[in-house]
Amino acid sequence: MAHPPLVELDSLAPNAIDGRHIRAVTFQKVRMTYIEDVLARHPLAPGSPVLVIGSGRGLLARALAGRGFSVTAADPSQRATDAALAAVDQPTPPVRYLTATADELAAAGDTYALVYVADTLEVSEDLHEVTSAIGALVQSRGLVIYDTVNRTGIAKLVYLGAFQKFPPTRIMPPDRYTSARLRPPSAVTAALASEGFRDQEIGGFKPVSGCALVAATLARRRGKIDDEEIARRVDFVLAPSSPPKVTYFGHARKA
């Protein structure tokens, strides 16, 4: 009997399924689309300091560095930082990699023109603790951009069930997500408003085909494809015109 694959975050083991990295590669294109849309309306000067919180293996941070920003990539996992450093291609623009939580970053005293918050709001116990740190990290008139998971029935089915419990599609370890840590948009916007953020906006994003997402996840679990192939098979698009059912983006400017 074949052994089930190892589901382990931030792992470079050849047989490991790292759900964080799978999310990062499948979200990369739509994340950059959203960021470009926000920056078209709120431009930043070349070389502006940018921070990615929850950066994982650094995929988004390297893309932002390639856009001409001075980028710091931070993650609370040392293994994620090690994996990010291992993935660095020397000709690419440099990124500063740190192993730190949002609180630790805020305590260091550096501030940024843009803070992108990835893979953080939906796994943090205390939302206001995170948004307080974001408030300390964003410069006056600076931007925060984030993506997270809504607390809807279908979001729970996907994140608590399919991605975390159902063996054929499980890509996350147990208890990575809980219902209480999934964040309704109203909770996030209220928490950011209490830190002085204004001009807030949210918008959903979704896979073009739910069937393609399920098929790709099944194939990845069986070892038929790698993480990058999932990204080629599953395309995510912005869905700003309807309330977010599962995942959504948001941004705000610090007053």
# chains A, B, ... in the order shown; residues from 1 in each chain; ligands from 1
$ select_by_dssp --residues "segment 11-192 of chain A" --states "strand (DSSP E)" --output "ChimeraX atom specification"
/A:16-17,49-53,70-75,95-99,112-117,138-149
$ closest_atom_pairs --of "segment 37-93 of chain A" --to "segment 135-153 of chain A" --cutoff "9 Å" --atoms "only C-alpha atoms" --output "JSON lines"
{"residue": "A:Val38", "atom": "CA", "partner": "A:Ile145", "partner_atom": "CA", "distance": 8.5}
{"residue": "A:His42", "atom": "CA", "partner": "A:Leu143", "partner_atom": "CA", "distance": 8.3}
{"residue": "A:Leu44", "atom": "CA", "partner": "A:Gly142", "partner_atom": "CA", "distance": 9.0}
{"residue": "A:Leu51", "atom": "CA", "partner": "A:Leu137", "partner_atom": "CA", "distance": 8.7}
$ closest_residue --among "A:Val214, A:Leu160, A:Val208, A:Ala65" --to "Ala239 of chain A" --atoms "only C-alpha atoms"
A:Val208
$ closest_residue --among "A:Lys254, A:Pro244, A:Pro174, A:Lys165" --to "Ser194 of chain A" --atoms "only C-alpha atoms"
A:Lys254
$ closest_residue --among "A:Pro14, A:Gly56, A:Pro46, A:Gly204" --to "Leu85 of chain A" --atoms "only C-alpha atoms"
A:Gly56
